[in-house]
Every structure is written in C-alpha cells, then in structure tokens.
>>> print(open('input17.tsv').read())   # TSV, C-alpha atoms and all ligand atoms
chain	number	residue	atom	x	y	z
A	74	MET	CA	105.65	-63.42	47.57
A	75	VAL	CA	103.31	-65.61	49.61
A	76	VAL	CA	105.20	-68.01	51.88
A	77	ILE	CA	103.69	-71.01	53.65
A	78	ARG	CA	104.38	-72.87	56.85
A	79	PRO	CA	106.73	-75.85	56.45
A	80	GLY	CA	106.10	-79.32	57.76
A	81	PRO	CA	105.18	-82.82	56.76
A	82	VAL	CA	101.87	-83.24	54.97
A	83	THR	CA	99.60	-86.15	54.09
A	84	VAL	CA	98.10	-85.95	50.60
A	85	GLY	CA	95.85	-88.59	49.07
A	86	GLY	CA	96.75	-91.04	51.84
A	87	VAL	CA	100.52	-90.62	51.45
A	88	ALA	CA	102.70	-89.02	54.14
A	89	LEU	CA	105.19	-86.65	52.51
A	90	ASP	CA	108.13	-84.75	54.02
A	91	ASN	CA	107.00	-81.55	52.24
A	92	HIS	CA	104.68	-80.45	49.42
A	93	LEU	CA	107.18	-81.09	46.58
A	94	LEU	CA	107.47	-84.46	44.81
A	95	LEU	CA	109.72	-85.70	42.05
A	96	ALA	CA	107.46	-86.35	39.02
A	97	ALA	CA	107.40	-89.70	37.21
A	98	GLY	CA	109.88	-90.19	34.41
A	99	VAL	CA	112.72	-87.99	35.67
A	100	LEU	CA	115.54	-89.71	37.58
A	101	GLY	CA	113.08	-92.38	38.67
A	102	THR	CA	114.58	-95.46	37.02
A	103	THR	CA	116.92	-96.56	39.82
A	104	GLY	CA	116.73	-96.82	43.59
A	105	ALA	CA	119.94	-94.79	43.84
A	106	SER	CA	118.54	-91.84	41.87
A	107	LEU	CA	115.25	-91.92	43.81
A	108	ALA	CA	117.20	-91.93	47.10
A	109	ARG	CA	119.35	-89.05	45.87
A	110	MET	CA	116.32	-86.89	45.06
A	111	LEU	CA	114.95	-87.51	48.57
A	112	GLN	CA	118.35	-86.48	49.99
A	113	LEU	CA	118.22	-83.38	47.78
A	114	GLY	CA	114.96	-82.26	49.39
A	115	ALA	CA	112.05	-83.89	47.54
A	116	GLY	CA	109.17	-84.57	49.95
A	117	GLY	CA	108.34	-87.74	48.02
A	118	VAL	CA	109.35	-89.38	44.75
A	119	VAL	CA	107.45	-91.04	41.91
A	120	THR	CA	109.16	-93.86	39.99
A	121	LYS	CA	109.45	-94.20	36.23
A	122	SER	CA	106.27	-95.93	34.99
A	123	ILE	CA	106.39	-99.71	35.32
A	124	GLY	CA	104.23	-102.00	33.18
A	125	PRO	CA	103.17	-105.63	32.84
A	126	GLU	CA	106.06	-106.67	30.52
A	127	PRO	CA	109.63	-105.38	30.02
A	128	LYS	CA	109.62	-102.71	27.30
A	129	ASP	CA	112.47	-101.13	25.30
A	130	GLY	CA	110.51	-98.02	24.37
A	131	HIS	CA	110.39	-96.11	21.10
A	132	HIS	CA	113.36	-95.86	18.79
A	133	GLY	CA	115.26	-92.57	18.99
A	134	PRO	CA	115.58	-89.71	19.02
A	135	CYS	CA	113.43	-89.93	22.15
A	136	VAL	CA	114.02	-86.47	23.65
A	137	ALA	CA	114.35	-83.00	22.15
A	138	VAL	CA	115.37	-80.04	24.30
A	139	LEU	CA	113.38	-76.92	23.37
A	140	ASP	CA	113.46	-73.35	24.70
A	141	ASP	CA	111.46	-73.55	27.95
A	142	GLY	CA	110.56	-77.18	27.53
A	143	LEU	CA	111.24	-80.78	26.66
A	144	LEU	CA	109.62	-82.96	24.03
A	145	ASN	CA	109.82	-86.69	24.75
A	146	ALA	CA	108.61	-89.94	23.30
A	147	MET	CA	110.40	-92.48	25.46
A	148	GLY	CA	107.70	-95.11	24.89
A	149	LEU	CA	107.42	-96.27	28.49
A	150	PRO	CA	110.73	-98.20	28.64
A	151	ASN	CA	110.88	-100.24	31.85
A	152	PRO	CA	112.14	-103.53	33.32
A	153	SER	CA	108.66	-104.55	34.56
A	154	LYS	CA	108.64	-106.78	37.69
A	155	ASP	CA	112.45	-106.65	38.05
A	156	PHE	CA	112.06	-103.03	39.18
A	157	ILE	CA	111.23	-104.43	42.63
A	158	GLU	CA	114.95	-104.72	43.47
A	159	GLU	CA	115.41	-100.97	42.82
A	160	LEU	CA	113.10	-100.24	45.74
A	161	GLU	CA	115.55	-101.60	48.33
A	162	PRO	CA	117.47	-98.31	48.92
A	163	VAL	CA	114.21	-96.39	49.40
A	164	ALA	CA	112.31	-98.87	51.58
A	165	LYS	CA	109.97	-97.11	54.02
A	166	LYS	CA	110.50	-93.74	52.25
A	167	PRO	CA	107.69	-91.77	50.56
A	168	VAL	CA	107.88	-93.55	47.20
A	169	ILE	CA	104.96	-93.71	44.81
A	170	ALA	CA	105.10	-96.40	42.12
A	171	SER	CA	103.94	-95.12	38.75
A	172	ILE	CA	102.33	-98.07	37.00
A	173	PHE	CA	100.62	-98.71	33.69
A	174	GLY	CA	98.67	-101.47	31.98
A	175	GLY	CA	96.33	-101.88	29.05
A	176	THR	CA	93.44	-103.31	31.08
A	177	PRO	CA	92.16	-103.20	34.68
A	178	ALA	CA	93.57	-106.73	35.21
A	179	GLU	CA	97.02	-105.63	34.03
A	180	PHE	CA	96.97	-102.61	36.33
A	181	ALA	CA	96.04	-104.85	39.27
A	182	ARG	CA	98.75	-107.40	38.37
A	183	VAL	CA	101.48	-104.75	38.31
A	184	ALA	CA	100.19	-103.11	41.50
A	185	ARG	CA	100.28	-106.43	43.40
A	186	TRP	CA	104.05	-106.77	42.76
A	187	PHE	CA	104.64	-103.53	44.67
A	188	LEU	CA	102.04	-103.80	47.46
A	189	ASP	CA	103.63	-102.92	50.82
A	190	ARG	CA	106.91	-101.96	49.13
A	191	VAL	CA	105.77	-98.41	48.28
A	192	SER	CA	103.62	-95.72	49.90
A	193	GLY	CA	101.08	-95.69	47.08
A	194	PHE	CA	100.44	-95.93	43.36
A	195	GLU	CA	100.17	-93.39	40.57
A	196	LEU	CA	98.27	-94.81	37.59
A	197	ASN	CA	99.70	-93.62	34.30
A	198	LEU	CA	96.52	-93.17	32.28
A	199	SER	CA	98.01	-90.26	30.42
A	200	CYS	CA	101.20	-90.94	28.42
A	201	PRO	CA	100.26	-89.33	25.07
A	202	HIS	CA	102.30	-91.57	22.78
A	203	ALA	CA	102.09	-95.25	23.84
A	204	GLU	CA	99.88	-97.54	21.81
A	205	GLY	CA	97.30	-99.31	23.99
A	206	TYR	CA	98.47	-97.61	27.18
A	207	GLY	CA	98.33	-94.23	28.89
A	208	ALA	CA	96.10	-91.72	27.16
A	209	ALA	CA	94.97	-94.40	24.69
A	210	ILE	CA	92.75	-95.62	27.53
A	211	GLY	CA	92.90	-92.57	29.82
A	212	THR	CA	90.67	-90.52	27.56
A	213	ASP	CA	87.73	-92.89	28.14
A	214	PRO	CA	85.97	-92.25	31.48
A	215	ALA	CA	84.61	-95.82	31.74
A	216	ARG	CA	88.09	-97.36	31.34
A	217	VAL	CA	89.63	-94.84	33.74
A	218	GLU	CA	87.03	-95.76	36.35
A	219	ALA	CA	87.59	-99.51	35.86
A	220	CYS	CA	91.42	-99.31	35.95
A	221	THR	CA	91.29	-97.09	39.04
A	222	ARG	CA	88.91	-99.47	40.82
A	223	ALA	CA	91.14	-102.46	39.99
A	224	VAL	CA	93.98	-100.83	41.95
A	225	SER	CA	92.15	-98.85	44.64
A	226	THR	CA	90.40	-102.00	45.88
A	227	LEU	CA	93.83	-103.44	46.78
A	228	GLY	CA	93.74	-101.01	49.70
A	229	MET	CA	96.74	-98.73	48.99
A	230	PRO	CA	96.61	-94.98	48.22
A	231	THR	CA	95.84	-94.71	44.51
A	232	TRP	CA	96.60	-91.55	42.58
A	233	VAL	CA	95.56	-91.17	38.95
A	234	LYS	CA	97.63	-89.05	36.56
A	235	LEU	CA	95.46	-87.41	33.93
A	236	THR	CA	96.08	-86.33	30.37
A	237	PRO	CA	95.32	-82.74	29.34
A	238	ASN	CA	94.70	-83.98	25.79
A	239	VAL	CA	90.93	-84.18	26.21
A	240	THR	CA	88.04	-81.81	25.70
A	241	ASP	CA	86.87	-82.02	29.32
A	242	ILE	CA	89.43	-83.10	31.92
A	243	THR	CA	86.81	-82.96	34.68
A	244	ALA	CA	84.94	-85.94	33.14
A	245	ILE	CA	88.14	-87.98	33.51
A	246	GLY	CA	88.82	-86.68	37.03
A	247	LYS	CA	85.31	-87.59	38.12
A	248	ALA	CA	85.72	-91.09	36.63
A	249	ALA	CA	88.91	-91.59	38.69
A	250	GLU	CA	87.07	-90.38	41.77
A	251	ARG	CA	84.21	-92.86	41.15
A	252	GLY	CA	86.81	-95.62	40.80
A	253	GLY	CA	88.10	-94.91	44.31
A	254	ALA	CA	91.15	-92.72	43.57
A	255	SER	CA	92.63	-91.06	46.65
A	256	ALA	CA	94.07	-88.19	44.57
A	257	ILE	CA	94.35	-86.86	41.05
A	258	VAL	CA	97.64	-85.79	39.48
A	259	ALA	CA	97.24	-83.12	36.80
A	260	ILE	CA	98.76	-83.04	34.26
A	261	ASN	CA	100.90	-85.36	32.14
A	262	THR	CA	102.54	-83.97	29.00
A	263	VAL	CA	100.76	-82.19	26.15
A	264	LYS	CA	100.80	-84.13	22.87
A	265	ALA	CA	103.10	-82.27	20.50
A	266	MET	CA	105.67	-82.53	17.72
A	267	ARG	CA	108.49	-80.64	16.02
A	268	ILE	CA	109.85	-81.08	12.49
A	269	SER	CA	113.50	-80.61	11.56
A	270	THR	CA	113.46	-78.22	8.62
A	271	GLY	CA	116.97	-79.36	7.71
A	272	LEU	CA	116.10	-83.05	7.61
A	273	GLN	CA	112.49	-82.49	6.50
A	274	ARG	CA	111.47	-85.13	9.06
A	275	PRO	CA	109.86	-85.15	12.50
A	276	VAL	CA	112.47	-84.58	15.20
A	277	LEU	CA	111.34	-87.53	17.34
A	278	GLY	CA	111.67	-91.14	16.22
A	279	ASN	CA	108.04	-91.68	17.23
A	280	ARG	CA	107.02	-88.47	15.37
A	281	TYR	CA	104.66	-87.43	18.21
A	282	GLY	CA	105.70	-86.87	21.79
A	283	GLY	CA	104.76	-85.15	25.03
A	284	LEU	CA	105.64	-81.55	25.81
A	285	SER	CA	106.70	-80.61	29.35
A	286	GLY	CA	108.41	-77.66	31.03
A	287	SER	CA	107.48	-74.02	31.68
A	288	MET	CA	105.59	-73.62	28.43
A	289	ILE	CA	102.82	-75.97	29.66
A	290	PHE	CA	102.48	-74.40	33.12
A	291	PRO	CA	99.40	-72.29	32.17
A	292	VAL	CA	97.68	-75.41	30.77
A	293	ALA	CA	98.38	-77.27	34.02
A	294	VAL	CA	97.04	-74.40	36.15
A	295	ARG	CA	93.84	-74.33	34.09
A	296	CYS	CA	93.36	-78.09	34.45
A	297	VAL	CA	93.94	-78.03	38.23
A	298	TYR	CA	91.52	-75.10	38.55
A	299	GLU	CA	88.80	-76.96	36.63
A	300	LEU	CA	89.34	-80.22	38.54
A	301	TYR	CA	89.16	-78.42	41.89
A	302	GLU	CA	85.65	-77.22	41.00
A	303	ALA	CA	84.52	-80.68	39.85
A	304	CYS	CA	86.14	-83.18	42.24
A	305	LYS	CA	86.38	-83.64	46.00
A	306	ILE	CA	89.61	-85.65	46.25
A	307	PRO	CA	92.97	-83.84	46.55
A	308	ILE	CA	94.81	-82.70	43.43
A	309	ILE	CA	98.56	-82.83	42.91
A	310	GLY	CA	99.62	-80.16	40.42
A	311	CYS	CA	102.20	-81.09	37.79
A	312	GLY	CA	103.41	-79.44	34.59
A	313	GLY	CA	106.13	-76.84	34.21
A	314	ILE	CA	106.58	-75.98	37.87
A	315	ALA	CA	110.00	-74.39	38.37
A	316	THR	CA	109.74	-71.79	41.15
A	317	ALA	CA	108.20	-71.30	44.60
A	318	ASP	CA	105.79	-68.80	43.07
A	319	ASN	CA	104.65	-71.49	40.59
A	320	VAL	CA	103.95	-73.78	43.58
A	321	VAL	CA	101.88	-71.08	45.30
A	322	GLU	CA	99.95	-70.43	42.07
A	323	MET	CA	99.20	-74.15	41.69
A	324	MET	CA	97.99	-74.26	45.30
A	325	MET	CA	95.76	-71.25	44.74
A	326	ALA	CA	94.28	-73.09	41.74
A	327	GLY	CA	93.52	-76.05	44.02
A	328	ALA	CA	96.62	-78.27	44.34
A	329	SER	CA	97.43	-79.78	47.75
A	330	ALA	CA	100.97	-80.67	46.63
A	331	VAL	CA	102.98	-80.52	43.40
A	332	GLU	CA	105.25	-82.70	41.28
A	333	ILE	CA	108.35	-81.31	39.58
A	334	GLY	CA	109.92	-82.97	36.52
A	335	SER	CA	111.50	-81.03	33.68
A	336	ALA	CA	112.94	-78.35	36.01
A	337	VAL	CA	115.01	-81.05	37.75
A	338	ARG	CA	116.87	-81.56	34.48
A	339	ASP	CA	117.97	-77.92	34.56
A	340	ASP	CA	118.79	-77.81	38.28
A	341	ILE	CA	119.26	-80.91	40.40
A	342	THR	CA	119.09	-78.74	43.57
A	343	ILE	CA	115.68	-77.32	42.65
A	344	PHE	CA	113.85	-78.85	45.63
A	345	GLU	CA	116.08	-77.08	48.17
A	346	THR	CA	115.93	-73.83	46.17
A	347	ILE	CA	112.13	-73.87	46.07
A	348	LYS	CA	111.87	-74.86	49.74
A	349	LYS	CA	114.02	-71.87	50.77
A	350	ASP	CA	111.67	-69.49	48.92
A	351	LEU	CA	108.39	-71.27	49.73
A	352	TYR	CA	108.57	-71.98	53.45
A	353	ALA	CA	108.86	-69.80	56.54
A	354	LYS	CA	107.94	-70.67	60.14
A	355	LYS	CA	105.61	-67.66	60.26
A	356	GLY	CA	104.17	-68.38	56.80
A	357	ILE	CA	100.48	-68.88	56.01
A	358	PRO	CA	99.02	-72.33	56.84
A	359	PRO	CA	98.98	-74.09	53.44
A	360	GLU	CA	95.25	-74.96	53.84
A	361	GLU	CA	94.47	-71.25	53.66
A	362	ILE	CA	95.81	-70.87	50.15
A	363	ILE	CA	94.74	-74.19	48.60
A	364	GLY	CA	91.94	-73.27	46.19
A	365	CYS	CA	91.79	-69.63	47.36
A	366	ALA	CA	91.60	-68.37	43.76
A	367	HIS	CA	88.06	-69.79	43.48
A	368	ALA	CA	85.38	-67.24	44.19
B	1	LIG	C1	107.37	-92.27	28.26
B	1	LIG	O1	108.01	-93.14	28.85
B	1	LIG	O2	107.10	-92.37	27.08
B	1	LIG	C2	106.87	-91.06	29.01
B	1	LIG	C3	105.85	-91.43	29.99
B	1	LIG	C4	104.67	-90.54	30.03
B	1	LIG	O3	104.55	-89.60	29.23
B	1	LIG	O4	103.79	-90.80	30.85
>>> encode(input="input17.tsv", output="structure tokens", more="lines below")
Ligand code: SIN
Amino acid sequence: MVVIRPGPVTVGGVALDNHLLLAAGVLGTTGASLARMLQLGAGGVVTKSIGPEPKDGHHGPCVAVLDDGLLNAMGLPNPSKDFIEELEPVAKKPVIASIFGGTPAEFARVARWFLDRVSGFELNLSCPHAEGYGAAIGTDPARVEACTRAVSTLGMPTWVKLTPNVTDITAIGKAAERGGASAIVAINTVKAMRISTGLQRPVLGNRYGGLSGSMIFPVAVRCVYELYEACKIPIIGCGGIATADNVVEMMMAGASAVEIGSAVRDDITIFETIKKDLYAKKGIPPEEIIGCAHA
C-alpha cells in the first residue's frame, strides 16, 4: 500500500495536525466530544451544523443502521447561538464550525457568532432533507455563490460542503469558488430511503434521509475526481472513508485531506488506526499523490 509522510498540513487556510478530520454530524455536538476526537488522533474536527435558530430536528426514527452504511434524517437539530459555550474546551484547536442558513444574510449572522472562536467555517449547503436549508439551496449555483460570499468576506477560511444529489457537481463547486470559498468538501450524504416491509411504512420519520458509509465511497471518489478537474481550490474528500487505502484513493482522485464520519460510529479509535497504516517517515510526500490519478 502507498504510505505518505506524516506532518501537519494547511488545507483551505486551516492548519491541521494531520490529513484526517472528524466530519460534521458525528460526535460534534459538545465541546467534550470534539476534544475527545482530537485526543483520539483527528487532525481537525468539524462541529454539528449550527443554524440561525434553535431546532429540534425531525421526529424519529432519525437513524437507521444498514449493512455498510447509515441512513439519517436528523433534521439539523442544534442549539443555535448557545453552541458558543461548547467551544471553550477546544479553544485554539483546529475546529471548523459547520453552519447553515436559508439566505446569505442568515449564513453571515451565524458565522459572526463564531468569528475568532474557530479556525474556519464549513457551509452546509448539502443536507438532503431539510426544508429551506442545505441542498434545498445548495443545488442552485447562484445561491451557493451568494451564501459563500456572505461568509468568505468576513475574512475566515470558508469551506463549502457540497451535495452529490445534482446532475453536475462541478457547476456547484465552481459557484463556491466564485463566491470566495477556500476549499470544497465533497460529499454530503446521498438522498435515500428504506421502507419497512413489516410496517409497510418508510423506516425514517422524515421518510427521506441521507445515506453515508462505505456504500457511498465510490460516489464520493467520482465527485472529488470531477471537482479536481473543474476547480482550483483544495478539495476535502468525505463519504464512506474507513481505511488508509480509502484515504490514499481519495487523495489520488484529488483530495488534499479527508473527513471521516460514519466509520467513527463503528470504531472510535479509527483515526489512530488509519494514521498507523497511512503514515511513515520515509513515505511519499503527500503532494505527489494528490490528483495523481488524472492523466
Ligand atoms: C441532519 O442533521 O439532518 C444531517 C445534516 C446533514 O445531512 O448535513
């Protein structure tokens, strides 16, 4: 297997301890859990998405565990501005605040609460099951550009997390780039559903949800590969990454770093496990493999 040289890395304006970040939505709701994931080897952590008003989320069931994946429709539950106090235990650490809003002004309002308390922002323009938020606006290039600009002009690193549920993800990536994004995160979950044959009803309370885990890894690789050909800003690969070889594959497709979510549910020590397999002092400089699969 290809191994790469270890060391801190700066991606999209954010200094990380290594190439592996905790993805939004998994163990990101408290300062204690974010701190724990950094102690357990994550090079940076992304918070649960925070929005302009407190939100309870969808009614349950909100999560279904599938073979090789998870189906969720949490509905963006969050305490809004009160989340600030959770950032205390991780002050000055590589923490990215995942934020959402329904308009550019809402994105900017939420971002201002966290200015100088985090290392950067990740705009959730991609949740596939939240009315008026996420992919509801993140499938429109003009709105992606405007929301990105509203945050990037505040002067902090601004990452934009994209939905794969579009015909052409590069049109959305280019819109984020025009809006001043410092990096693109690809991908959020794939819109999906399951039906309980016993109950003759959808499994999730919201009916539709987002699919994550190993089964979406090939979709994520394809999206990163396409974005690398279309955009100049760095890409952070996300979607079903569970092994060091998955990280290398994502880098070969064009990712400068990766986010890991569903696999953390299966193995809380996954960051250390991947680091052991991925890094060696005499490994290849990471820059040599990023995008190397492109002719
Ligand atoms: C949720 O809270 O519903 C999940 C967030 C997301 O898919 O972006």
>>> closest_residue(input="input17.tsv", among="A:Phe180, A:Phe156, A:Phe194, A:Tyr206", to="ligand LIG 1 (chain B)", atoms="only C-alpha atoms and all ligand atoms")
A:Tyr206
>>> closest_residue(input="input17.tsv", among="A:Ile363, A:Leu351, A:Met325, A:Val233", to="ligand LIG 1 (chain B)", atoms="all atoms listed in the file")
A:Val233
>>> closest_atom_pairs(input="input17.tsv", of="chain A", to="ligand LIG 1 (chain B)", cutoff="8 Å", atoms="all atoms listed in the file", output="Markdown table")
| residue | atom | partner | partner_atom | distance |
| --- | --- | --- | --- | --- |
| A:Ala97 | CA | B:LIG1 | O4 | 7.4 |
| A:Gly98 | CA | B:LIG1 | C3 | 6.1 |
| A:Lys121 | CA | B:LIG1 | O1 | 7.6 |
| A:Ser122 | CA | B:LIG1 | C3 | 6.7 |
| A:Gly130 | CA | B:LIG1 | O1 | 7.1 |
| A:His131 | CA | B:LIG1 | O2 | 7.8 |
| A:Asn145 | CA | B:LIG1 | O2 | 6.7 |
| A:Ala146 | CA | B:LIG1 | O2 | 4.7 |
| A:Met147 | CA | B:LIG1 | O2 | 3.7 |
| A:Gly148 | CA | B:LIG1 | O2 | 3.6 |
| A:Leu149 | CA | B:LIG1 | O1 | 3.2 |
| A:Pro150 | CA | B:LIG1 | O1 | 5.7 |
| A:Asn197 | CA | B:LIG1 | O4 | 6.0 |
| A:Leu198 | CA | B:LIG1 | O4 | 7.8 |
| A:Ser199 | CA | B:LIG1 | O4 | 5.8 |
| A:Cys200 | CA | B:LIG1 | O4 | 3.6 |
| A:Pro201 | CA | B:LIG1 | O3 | 6.0 |
| A:His202 | CA | B:LIG1 | O2 | 6.5 |
| A:Ala203 | CA | B:LIG1 | O2 | 6.6 |
| A:Gly207 | CA | B:LIG1 | O4 | 6.7 |
| A:Asn261 | CA | B:LIG1 | O4 | 6.3 |
| A:Thr262 | CA | B:LIG1 | O3 | 6.0 |
| A:Gly282 | CA | B:LIG1 | O2 | 7.8 |
| A:Gly283 | CA | B:LIG1 | O3 | 6.1 |
>>> axis_aligned_box(input="input17.tsv", around="stretch 328-341 of chain A", padding_each_side="6 Å", output="AutoDock Vina command-line options")
--center_x 107.9 --center_y -80.4 --center_z 40.7 --size_x 34.6 --size_y 17.2 --size_z 26.1
>>> atom_distance(input="input17.tsv", atom1="atom CA of A:Asn91", atom2="atom CA of A:Ala366")
22.0 Å
>>> closest_residue(input="input17.tsv", among="A:Gly278, A:Gly117, A:Gly246, A:Pro214", to="A:Leu89", atoms="only C-alpha atoms")
A:Gly117
>>> closest_residue(input="input17.tsv", among="A:Thr176, A:Gln112, A:Thr221, A:Ser106", to="A:Ile257", atoms="only C-alpha atoms")
A:Thr221
>>> closest_residue(input="input17.tsv", among="A:Pro134, A:Gly80, A:Pro177, A:Gly114", to="A:Gly252", atoms="all atoms listed in the file")
A:Pro177
>>> closest_residue(input="input17.tsv", among="A:Ala137, A:Glu179, A:Met323, A:Pro291", to="A:Pro275", atoms="all atoms listed in the file")
A:Ala137
>>> atom_distance(input="input17.tsv", atom1="atom CA of A:His92", atom2="atom CA of A:Ile172")
21.7 Å
>>> atom_distance(input="input17.tsv", atom1="atom CA of A:Glu161", atom2="atom CA of A:Ser335")
25.6 Å
>>> residues_around(input="input17.tsv", residues="A:Cys296", least_positions_apart="6", cutoff="10 Å", atoms="all atoms listed in the file", output="ChimeraX atom specification")
/A:235-237,241-243,259-260,290,310-311,326-327
>>> residues_near_point(input="input17.tsv", point="(99.7, -101.4, 30.8)", cutoff="6 Å", atoms="all atoms listed in the file", output="number ranges by chain")
A: 124-125, 173-175, 179, 206
>>> residues_around(input="input17.tsv", residues="A:Ala249", least_positions_apart="4", cutoff="7 Å", atoms="all atoms listed in the file", output="ChimeraX atom specification")
/A:217-218,221,233,245,253-254
>>> residues_near_point(input="input17.tsv", point="(115.0, -79.3, 35.2)", cutoff="10 Å", atoms="all atoms listed in the file", output="NGL selection string")
:A and (99 or 141-143 or 286-287 or 313-315 or 333-343)
>>> residues_around(input="input17.tsv", residues="A:Val168", least_positions_apart="3", cutoff="12 Å", atoms="only C-alpha atoms", output="PyMOL selection string")
chain A and resi 87-90+94-97+101+104+107-108+110-111+115-121+159-165+171+187-195+230
>>> residues_around(input="input17.tsv", residues="A:Pro79", least_positions_apart="2", cutoff="12 Å", atoms="only C-alpha atoms", output="list in words")
Val76, Ile77, Pro81, Val82, Leu89, Asp90, Asn91, His92, Leu93, Gly116, Ile347, Lys348, Lys349, Asp350, Leu351, Tyr352, Ala353, Lys354, Lys355, Gly356, Ile357, Pro358, Pro359 and Glu360 of chain A
>>> write_last_selection(input="input17.tsv", atoms="C-alpha atoms", output="PDB file, keeping the file's coordinate frame")
ATOM      1  CA  VAL A  76     105.200 -68.010  51.880  1.00  0.00           C
ATOM      2  CA  ILE A  77     103.690 -71.010  53.650  1.00  0.00           C
ATOM      3  CA  PRO A  81     105.180 -82.820  56.760  1.00  0.00           C
ATOM      4  CA  VAL A  82     101.870 -83.240  54.970  1.00  0.00           C
ATOM      5  CA  LEU A  89     105.190 -86.650  52.510  1.00  0.00           C
ATOM      6  CA  ASP A  90     108.130 -84.750  54.020  1.00  0.00           C
ATOM      7  CA  ASN A  91     107.000 -81.550  52.240  1.00  0.00           C
ATOM      8  CA  HIS A  92     104.680 -80.450  49.420  1.00  0.00           C
ATOM      9  CA  LEU A  93     107.180 -81.090  46.580  1.00  0.00           C
ATOM     10  CA  GLY A 116     109.170 -84.570  49.950  1.00  0.00           C
ATOM     11  CA  ILE A 347     112.130 -73.870  46.070  1.00  0.00           C
ATOM     12  CA  LYS A 348     111.870 -74.860  49.740  1.00  0.00           C
ATOM     13  CA  LYS A 349     114.020 -71.870  50.770  1.00  0.00           C
ATOM     14  CA  ASP A 350     111.670 -69.490  48.920  1.00  0.00           C
ATOM     15  CA  LEU A 351     108.390 -71.270  49.730  1.00  0.00           C
ATOM     16  CA  TYR A 352     108.570 -71.980  53.450  1.00  0.00           C
ATOM     17  CA  ALA A 353     108.860 -69.800  56.540  1.00  0.00           C
ATOM     18  CA  LYS A 354     107.940 -70.670  60.140  1.00  0.00           C
ATOM     19  CA  LYS A 355     105.610 -67.660  60.260  1.00  0.00           C
ATOM     20  CA  GLY A 356     104.170 -68.380  56.800  1.00  0.00           C
ATOM     21  CA  ILE A 357     100.480 -68.880  56.010  1.00  0.00           C
ATOM     22  CA  PRO A 358      99.020 -72.330  56.840  1.00  0.00           C
ATOM     23  CA  PRO A 359      98.980 -74.090  53.440  1.00  0.00           C
ATOM     24  CA  GLU A 360      95.250 -74.960  53.840  1.00  0.00           C
TER      25      GLU A 360
END
